[in-house]
Each structure stands twice: as structure tokens, then as C-alpha cells.
Amino acid sequence: MSASESIQQGKSIRQRISLYLNKGIAAYYRLKGCHIGDNCKISKSAIIDRAHPKGVHIGNNTRILIEAMVLAHDYSRGALKGQSMWCDTYIGDNCVIGGRSMIMPGVHIGNHVYVGGGSIVTRDVPDHCLVAGNPARIIRRGTCINSQGQIVEKGEKV
């Protein structure tokens, strides 16, 4: 066996291990009560709300990258005016949530949305957008993301 064959063989083993780990992470969050769609990939360092996991709804083919945080509760809101501190947070199909970004409670993110790394999403985001910043703002409209989390169409700048 040549060196290139052993490298290819090692790569496929790593890919298989990664696939099983991602399925295990998604299964763990499903057991906690999260609604997670098919073919989702969640980083093991991502933080999905542990206080109210039933309030997190993630669509199909969505990627949540390293150290991203998705929240579905807000203790400060519960103390004010008798409002409920439990919210539902929705992330659509074919979305990518960038590393170290935060999705605040009660936010609805549409389909084919790319959230830039380090962004803090405080408001609802429509379909086919690229958002970034603190607070997150729409940078591009008309984006399209395939099932592997790659941007297929960039759309136009806003």
C-alpha cells in the first residue's frame, strides 16, 4: 500500500468518525427535547439552550459551527411585567450559524440564511440572507445555500 492510499484510507475513516459523532450530538439534543431536522451538523462545542431545550427548533441541513450559542430563555424578560421567560427560537432549513455567534431567544431565522461568525442575532431574519455584526444586520439578499452548507448563490449587497 502506497502512502497516498493510506492517507486516503485514513481520511475516509476520519470522515466516518465525524459522521457518527455528529449523529450522536444531534441525538443527544433530541433526547433533551430539541426539535432538530435531518442531516444537521452541530459542533460539539456549540451551546444549545440547556434551560429550555424544547424551545429550540432547527431545520434540515443546518450547520451550527464551533462555540455558537442558541438560546430559548430570557430570565430578565420573565422578571418584567409578568412575561414568560420561555421563548421559541426557530432556525430554518439550509442555514449556517457561524462560529461564536449568538441567536437570542424568540428569534426566527428563515431558510438559506448564513449568520457570520461572532454575530449576535437579536431580530428575525428573512429567507435567503447573509447577516453579520453586533447586532446582526442583513449584508446580502438572495443567497442560496446547498445541503452541505456551501453558498451557491451570493446574492446582491444591501
# chains A, B, ... in the order shown; residues from 1 in each chain; ligands from 1

$ select_by_dssp --residues "range 71-134 of chain A" --states "strand (DSSP E or B)" --output "list in words"
His73, Trp86, Thr89, Tyr90, Ile91, Val96, Ile97, Met102, Ile103, His108, Ile109, Val113, Tyr114, Val115, Ile120, Val121, Val125, Cys129, Leu130, Val131 and Ala132 of chain A

$ closest_residue --among "A:Thr122, A:Asn60, A:Gln148, A:Asn39" --to "Gly106 in chain A" --atoms "only C-alpha atoms"
A:Thr122

$ closest_residue --among "A:Gly24, A:Gly142, A:Gly149, A:Pro135" --to "Met104 in chain A" --atoms "only C-alpha atoms"
A:Pro135

$ residues_around --residues "Pro53 in chain A" --least-positions-apart "4" --cutoff "8 Å" --atoms "only C-alpha atoms" --output "CSV table (one decimal) with N, CA and C atoms, in the first residue's frame"
chain,number,residue,atom,x,y,z
A,29,TYR,N,-29.2,16.1,21.7
A,29,TYR,CA,-30.1,17.2,21.8
A,29,TYR,C,-31.5,16.8,21.6
A,32,LYS,N,-32.8,15.6,24.8
A,32,LYS,CA,-33.1,16.7,25.7
A,32,LYS,C,-34.4,17.4,25.3
A,33,GLY,N,-34.9,17.3,24.1
A,33,GLY,CA,-36.2,17.9,23.7
A,33,GLY,C,-36.1,18.8,22.6
A,34,CYS,N,-34.9,19.1,22.0
A,34,CYS,CA,-34.8,20.0,20.9
A,34,CYS,C,-35.4,19.4,19.7
A,48,ILE,N,-26.5,24.7,22.9
A,48,ILE,CA,-27.9,24.8,22.6
A,48,ILE,C,-28.5,24.9,24.0
A,49,ASP,N,-29.5,25.8,24.1
A,49,ASP,CA,-30.1,26.2,25.4
A,49,ASP,C,-30.3,24.9,26.3
A,72,ALA,N,-33.1,30.0,24.2
A,72,ALA,CA,-34.6,29.9,24.1
A,72,ALA,C,-35.2,30.4,25.4

$ residues_around --residues "Val121 in chain A" --least-positions-apart "5" --cutoff "10 Å" --atoms "only C-alpha atoms" --output "PyMOL selection string"
chain A and resi 70+101-105+107-109+115-116+131-137

$ closest_residue --among "A:Arg30, A:His57, A:Lys41, A:Arg50" --to "Ile97 in chain A" --atoms "only C-alpha atoms"
A:Lys41

$ residues_around --residues "range 84-87 of chain A" --least-positions-apart "4" --cutoff "7 Å" --atoms "only C-alpha atoms" --output "PDB file with N, CA and C atoms, in the first residue's frame"
ATOM      1  N   HIS A  52     -34.041  25.507  28.531  1.00  0.00           N
ATOM      2  CA  HIS A  52     -35.316  25.293  27.835  1.00  0.00           C
ATOM      3  C   HIS A  52     -35.044  24.700  26.447  1.00  0.00           C
ATOM      4  N   GLY A  55     -37.601  24.642  23.411  1.00  0.00           N
ATOM      5  CA  GLY A  55     -37.888  25.857  22.671  1.00  0.00           C
ATOM      6  C   GLY A  55     -36.992  26.070  21.462  1.00  0.00           C
ATOM      7  N   ALA A  72     -33.121  29.978  24.181  1.00  0.00           N
ATOM      8  CA  ALA A  72     -34.589  29.945  24.114  1.00  0.00           C
ATOM      9  C   ALA A  72     -35.206  30.370  25.439  1.00  0.00           C
ATOM     10  N   HIS A  73     -34.444  31.045  26.264  1.00  0.00           N
ATOM     11  CA  HIS A  73     -34.991  31.569  27.516  1.00  0.00           C
ATOM     12  C   HIS A  73     -34.329  32.906  27.813  1.00  0.00           C
ATOM     13  N   ASP A  74     -35.046  33.720  28.568  1.00  0.00           N
ATOM     14  CA  ASP A  74     -34.543  35.037  28.913  1.00  0.00           C
ATOM     15  C   ASP A  74     -35.041  35.355  30.318  1.00  0.00           C
ATOM     16  N   TYR A  75     -34.179  35.193  31.296  1.00  0.00           N
ATOM     17  CA  TYR A  75     -34.586  35.402  32.685  1.00  0.00           C
ATOM     18  C   TYR A  75     -34.959  36.857  32.958  1.00  0.00           C
ATOM     19  N   ARG A  77     -36.498  38.889  30.970  1.00  0.00           N
ATOM     20  CA  ARG A  77     -37.829  39.119  30.425  1.00  0.00           C
ATOM     21  C   ARG A  77     -38.893  38.586  31.381  1.00  0.00           C
ATOM     22  N   GLY A  78     -38.615  37.471  32.052  1.00  0.00           N
ATOM     23  CA  GLY A  78     -39.589  36.881  32.966  1.00  0.00           C
ATOM     24  C   GLY A  78     -39.829  37.736  34.190  1.00  0.00           C
ATOM     25  N   PRO A 105     -33.068  34.627  22.293  1.00  0.00           N
ATOM     26  CA  PRO A 105     -34.362  33.949  22.431  1.00  0.00           C
ATOM     27  C   PRO A 105     -35.477  34.624  21.642  1.00  0.00           C
ATOM     28  N   GLY A 106     -36.358  33.790  21.087  1.00  0.00           N
ATOM     29  CA  GLY A 106     -37.527  34.296  20.376  1.00  0.00           C
ATOM     30  C   GLY A 106     -37.272  34.710  18.947  1.00  0.00           C
TER      31      GLY A 106
END

$ residues_around --residues "Ser45 in chain A" --least-positions-apart "4" --cutoff "9 Å" --atoms "only C-alpha atoms" --output "list of chain:residue names"
A:Leu65, A:Ile66, A:Glu67, A:Ala68

$ write_last_selection --atoms "N, CA and C atoms" --output "PDB file, in the first residue's frame"
ATOM      1  N   LEU A  65     -21.863  25.936  13.912  1.00  0.00           N
ATOM      2  CA  LEU A  65     -20.417  25.795  13.999  1.00  0.00           C
ATOM      3  C   LEU A  65     -19.889  26.022  15.415  1.00  0.00           C
ATOM      4  N   ILE A  66     -18.603  25.997  15.538  1.00  0.00           N
ATOM      5  CA  ILE A  66     -17.886  25.965  16.814  1.00  0.00           C
ATOM      6  C   ILE A  66     -18.277  27.122  17.742  1.00  0.00           C
ATOM      7  N   GLU A  67     -18.628  26.785  18.959  1.00  0.00           N
ATOM      8  CA  GLU A  67     -18.945  27.698  20.046  1.00  0.00           C
ATOM      9  C   GLU A  67     -20.105  28.653  19.757  1.00  0.00           C
ATOM     10  N   ALA A  68     -20.968  28.310  18.797  1.00  0.00           N
ATOM     11  CA  ALA A  68     -22.166  29.117  18.565  1.00  0.00           C
ATOM     12  C   ALA A  68     -23.159  28.837  19.689  1.00  0.00           C
TER      13      ALA A  68
END

$ atom_distance --atom1 "CA of Ala46 in chain A" --atom2 "CA of Met69 in chain A"
6.0 Å

$ closest_residue --among "A:Asn22, A:Gln15, A:Asn111, A:Ser119" --to "Ile145 in chain A" --atoms "only C-alpha atoms"
A:Asn111

$ closest_residue --among "A:Cys144, A:Ile36, A:Ile91, A:Ile139" --to "His112 in chain A" --atoms "only C-alpha atoms"
A:Cys144
